[in-house]
Amino acid sequence: MTPQVDILVVGAGAVGATAALALRGAGYSVQVLDAGQPAPPAESADIDARVFALSPASIAWLETLRLWDVLAHRTQDYGGMRVWDAVSGSDIAFDAAALGLPRLGAIVENRAIVAAAQAALGDVEFGRSLVALDESVDAVCLHCADGDSLTARYVLLADGARSPGRAALGIQAPGRDYGGRAVVCHVQTASGHDQTAWQRFLPEGPVALLPLWDGRVSVVWSSTHAGADALLAMDDQAFSEALTDATAGQLGRLDTPTARHAFPLLRQTAERFTTGRCILLGDAAHVVHPLAGQGVNLGFDDARALLEAMPDPTRGLKPLARRRYERARRAEIARMSLGIDALDRLFSTAHPALAAARGLGLHAVDVLDPLKRQFAEAALGIR
Ligand SMILES: Cc1cc2nc3c(=O)[nH]c(=O)nc-3n(C[C@H](O)[C@H](O)[C@H](O)COP(=O)(O)OP(=O)(O)OC[C@H]3O[C@@H](n4cnc5c(N)ncnc54)[C@H](O)[C@@H]3O)c2cc1C
């Protein structure tokens, strides 16, 4: 089988499209397919319901790809983060200035990143779905739903959490169903957002308020299935009241919610991130609970690590570099997934002894500067 291109990227979401740009920049010939349609320009609609809290490392990644300047007018830096516990009342606050940083991160729309990256690529083939893969020693043959077949030296699978590519390779992605969903929308606040990301842990799950560039906040409210059903069924006024109550009136009355959407709370990790010539990236490789807001940050980390493992087309991806990539990414994903699980378990109990212990723990981290710095670096993905 003679490969037609160096790399075929399946999936032009935030992770696949930026990985494709970076690899093209490194000199590879890259072809990109996506089953969907082009992302509409961000300006054409209201702020996307799916927004990300990007880490400084992810912002640097978008800067390297020259996408940040295109997006910057629709992003909101945040310099503060406050996490507090509804049961014990204890809290912890992070401040960029105290950590010697210009910002802790920025809130950015998924659609704005995807539209900018797809436009920079310029030649994404939309409406083309991968249905099967054949891997040989020197190439991969990818079969599309339209009957066409394409060959490449390597295939990058960035085709999302359900990843048809992963299924075609027979790779399982075991994990944990947290038994609930997160409800998302944007709301107006009575007292601004203070360029701060807010998260309050309730016994049914955390509710987060992320600052948006137009002064509103984006809500990510994790709950049980029954709780999410109830939040989705409420009229706007009842939802506004419930949200104001759940956030203890921290930003005053929250109202005028946009349409609410919900997504399942899952953790899953593919049993392998690579085969001889196929590499899984982003949600195709791993899905984490949104409470730490790290999903896309981990995907960008995958892409950056892959670029280091295969820096130019003459070398490609050598077996040793591939194994090193697999080991390093697996260790990072395990660390993040287990950390998030521990937080979820710790905060999802209203047991008085555990609530008191976590109150003491939060207080200890809050007052001990070196510990707090370590906690911030881990929680915010600051390198
Ligand atoms: C509401 C919400 C809030 C979130 N908040 C945060 C946050 O604050 N911070 C954070 O880091 N993460 C967050 N996440 C997680 C984040 O959205 C994902 O981690 C990230 O979008 C994954 O990007 P991706 O490119 O890997 O996959 P996707 O965005 O799912 O893209 C996959 C692409 O593959 C294409 N595709 C699928 N099947 C095929 C096929 N057979 N052939 C060809 N193409 C195919 C799809 O059309 C799609 O374009 C959030 C998620 C949700 C739902």
# chains A, B, ... in the order shown; residues from 1 in each chain; ligands from 1
>>> closest_atom_pairs(of="chain A", to="ligand 1", cutoff="6 Å", atoms="only C-alpha atoms and all ligand atoms", output="Markdown table")
| residue | atom | partner | partner_atom_place_in_ligand_line | distance |
| --- | --- | --- | --- | --- |
| A:Val10 | CA | ligand 1 | 43 (C) | 4.9 |
| A:Gly11 | CA | ligand 1 | 34 (O) | 3.3 |
| A:Ala12 | CA | ligand 1 | 49 (O) | 4.8 |
| A:Gly13 | CA | ligand 1 | 25 (O) | 3.7 |
| A:Ala14 | CA | ligand 1 | 25 (O) | 4.2 |
| A:Val15 | CA | ligand 1 | 25 (O) | 3.8 |
| A:Gly16 | CA | ligand 1 | 25 (O) | 5.3 |
| A:Leu33 | CA | ligand 1 | 43 (C) | 5.5 |
| A:Asp34 | CA | ligand 1 | 44 (N) | 3.6 |
| A:Ala35 | CA | ligand 1 | 44 (N) | 3.9 |
| A:Gly36 | CA | ligand 1 | 47 (O) | 4.2 |
| A:Arg50 | CA | ligand 1 | 1 (C) | 4.5 |
| A:Val51 | CA | ligand 1 | 5 (N) | 5.6 |
| A:Phe52 | CA | ligand 1 | 8 (O) | 3.3 |
| A:Ala53 | CA | ligand 1 | 8 (O) | 4.2 |
| A:Arg128 | CA | ligand 1 | 43 (C) | 5.8 |
| A:Ser129 | CA | ligand 1 | 42 (N) | 3.4 |
| A:Leu130 | CA | ligand 1 | 42 (N) | 4.0 |
| A:Val131 | CA | ligand 1 | 41 (N) | 6.0 |
| A:Ala158 | CA | ligand 1 | 26 (O) | 5.2 |
| A:Asp159 | CA | ligand 1 | 34 (O) | 3.3 |
| A:Gly160 | CA | ligand 1 | 30 (O) | 3.6 |
| A:Ser163 | CA | ligand 1 | 38 (N) | 5.9 |
| A:Pro164 | CA | ligand 1 | 41 (N) | 5.1 |
| A:Val184 | CA | ligand 1 | 1 (C) | 5.9 |
| A:Phe263 | CA | ligand 1 | 53 (C) | 5.8 |
| A:Gly282 | CA | ligand 1 | 26 (O) | 3.6 |
| A:Asp283 | CA | ligand 1 | 26 (O) | 4.0 |
| A:Ala284 | CA | ligand 1 | 26 (O) | 6.0 |
| A:Pro290 | CA | ligand 1 | 5 (N) | 5.8 |
| A:Gly293 | CA | ligand 1 | 9 (N) | 3.6 |
| A:Gln294 | CA | ligand 1 | 11 (O) | 3.7 |
| A:Gly295 | CA | ligand 1 | 19 (O) | 3.5 |
| A:Val296 | CA | ligand 1 | 11 (O) | 3.5 |
| A:Asn297 | CA | ligand 1 | 11 (O) | 4.5 |
>>> closest_residue(among="A:Ala45, A:Leu202, A:Leu101, A:Cys141", to="Val83 of chain A", atoms="only C-alpha atoms")
A:Leu202
>>> residues_around(residues="Ala208 of chain A", least_positions_apart="4", cutoff="6 Å", atoms="only C-alpha atoms", output="count of residues only")
4
>>> atom_distance(atom1="atom CA of Gly215 of chain A", atom2="atom CA of Thr189 of chain A")
8.0 Å
>>> closest_residue(among="A:Asp91, A:Val114, A:Arg277, A:Ala238", to="Asp255 of chain A", atoms="only C-alpha atoms")
A:Ala238
>>> atom_distance(atom1="atom CA of Thr269 of chain A", atom2="atom CA of Arg327 of chain A")
13.3 Å
>>> select_by_dssp(residues="segment 125-347 of chain A", states="strand (DSSP E)", output="PyMOL selection string")
chain A and resi 125-126+130-135+140-144+149-157+175-189+196-202+205-211+217-224+254-255+261-269+278-280+286-287
>>> residues_around(residues="Gln237 of chain A", least_positions_apart="4", cutoff="9 Å", atoms="only C-alpha atoms", output="JSON, numbers by chain")
{"A": [241, 242, 255, 256, 257]}
>>> write_last_selection(atoms="C-alpha atoms", output="PDB file, in the first residue's frame")
ATOM      1  CA  GLU A 241     -34.238  31.310  41.320  1.00  0.00           C
ATOM      2  CA  ALA A 242     -32.826  27.800  41.764  1.00  0.00           C
ATOM      3  CA  ASP A 255     -31.456  35.576  35.324  1.00  0.00           C
ATOM      4  CA  THR A 256     -32.370  35.549  31.603  1.00  0.00           C
ATOM      5  CA  PRO A 257     -30.969  32.049  30.972  1.00  0.00           C
TER       6      PRO A 257
END
>>> decode(residues="segment 124-186 of chain A", atoms="C-alpha atoms", output="mmCIF file, in the first residue's frame")
data_model
loop_
_atom_site.group_PDB
_atom_site.id
_atom_site.type_symbol
_atom_site.label_atom_id
_atom_site.label_comp_id
_atom_site.auth_asym_id
_atom_site.auth_seq_id
_atom_site.Cartn_x
_atom_site.Cartn_y
_atom_site.Cartn_z
ATOM 1 C CA VAL A 124 -11.133 20.309 5.544
ATOM 2 C CA GLU A 125 -13.257 17.722 3.702
ATOM 3 C CA PHE A 126 -16.651 17.966 5.403
ATOM 4 C CA GLY A 127 -19.442 15.423 5.263
ATOM 5 C CA ARG A 128 -16.918 12.566 5.040
ATOM 6 C CA SER A 129 -17.170 9.827 7.692
ATOM 7 C CA LEU A 130 -14.657 7.177 8.536
ATOM 8 C CA VAL A 131 -16.288 3.736 8.693
ATOM 9 C CA ALA A 132 -13.337 1.316 8.724
ATOM 10 C CA LEU A 133 -9.548 1.163 8.942
ATOM 11 C CA ASP A 134 -6.954 -1.355 7.672
ATOM 12 C CA GLU A 135 -3.477 -1.016 9.044
ATOM 13 C CA SER A 136 -0.431 -2.571 7.374
ATOM 14 C CA VAL A 137 3.275 -2.340 8.177
ATOM 15 C CA ASP A 138 3.889 0.793 6.132
ATOM 16 C CA ALA A 139 0.486 2.532 5.793
ATOM 17 C CA VAL A 140 -3.119 2.804 6.935
ATOM 18 C CA CYS A 141 -6.094 2.548 4.589
ATOM 19 C CA LEU A 142 -9.152 4.475 5.722
ATOM 20 C CA HIS A 143 -12.588 3.642 4.304
ATOM 21 C CA CYS A 144 -15.222 6.388 4.111
ATOM 22 C CA ALA A 145 -19.010 6.085 4.180
ATOM 23 C CA ASP A 146 -19.095 7.494 0.603
ATOM 24 C CA GLY A 147 -17.213 4.363 -0.580
ATOM 25 C CA ASP A 148 -13.896 6.153 -1.107
ATOM 26 C CA SER A 149 -10.648 4.810 0.389
ATOM 27 C CA LEU A 150 -7.653 6.921 1.397
ATOM 28 C CA THR A 151 -4.160 5.868 2.437
ATOM 29 C CA ALA A 152 -1.694 7.587 4.737
ATOM 30 C CA ARG A 153 1.496 6.890 6.671
ATOM 31 C CA TYR A 154 -0.338 7.755 9.900
ATOM 32 C CA VAL A 155 -3.950 8.321 10.953
ATOM 33 C CA LEU A 156 -4.859 10.650 13.812
ATOM 34 C CA LEU A 157 -8.218 9.837 15.354
ATOM 35 C CA ALA A 158 -9.692 12.986 16.901
ATOM 36 C CA ASP A 159 -13.281 11.926 16.244
ATOM 37 C CA GLY A 160 -14.717 12.618 19.701
ATOM 38 C CA ALA A 161 -15.887 10.635 22.716
ATOM 39 C CA ARG A 162 -17.819 8.020 20.708
ATOM 40 C CA SER A 163 -14.891 7.697 18.244
ATOM 41 C CA PRO A 164 -15.910 5.437 15.347
ATOM 42 C CA GLY A 165 -12.172 5.209 14.606
ATOM 43 C CA ARG A 166 -11.447 3.750 18.033
ATOM 44 C CA ALA A 167 -14.262 1.233 17.527
ATOM 45 C CA ALA A 168 -12.906 0.319 14.063
ATOM 46 C CA LEU A 169 -9.555 -0.504 15.708
ATOM 47 C CA GLY A 170 -11.344 -2.634 18.319
ATOM 48 C CA ILE A 171 -10.025 -0.496 21.190
ATOM 49 C CA GLN A 172 -12.254 -0.430 24.281
ATOM 50 C CA ALA A 173 -12.650 2.688 26.425
ATOM 51 C CA PRO A 174 -13.713 1.570 29.902
ATOM 52 C CA GLY A 175 -14.501 4.103 32.578
ATOM 53 C CA ARG A 176 -17.103 5.294 34.996
ATOM 54 C CA ASP A 177 -20.577 6.688 34.562
ATOM 55 C CA TYR A 178 -21.072 9.281 37.303
ATOM 56 C CA GLY A 179 -24.828 8.738 37.004
ATOM 57 C CA GLY A 180 -25.787 12.255 36.087
ATOM 58 C CA ARG A 181 -25.587 15.090 33.590
ATOM 59 C CA ALA A 182 -24.294 18.640 33.488
ATOM 60 C CA VAL A 183 -26.756 21.357 32.493
ATOM 61 C CA VAL A 184 -25.210 24.309 30.638
ATOM 62 C CA CYS A 185 -26.484 27.767 29.637
ATOM 63 C CA HIS A 186 -25.484 31.419 30.010
#
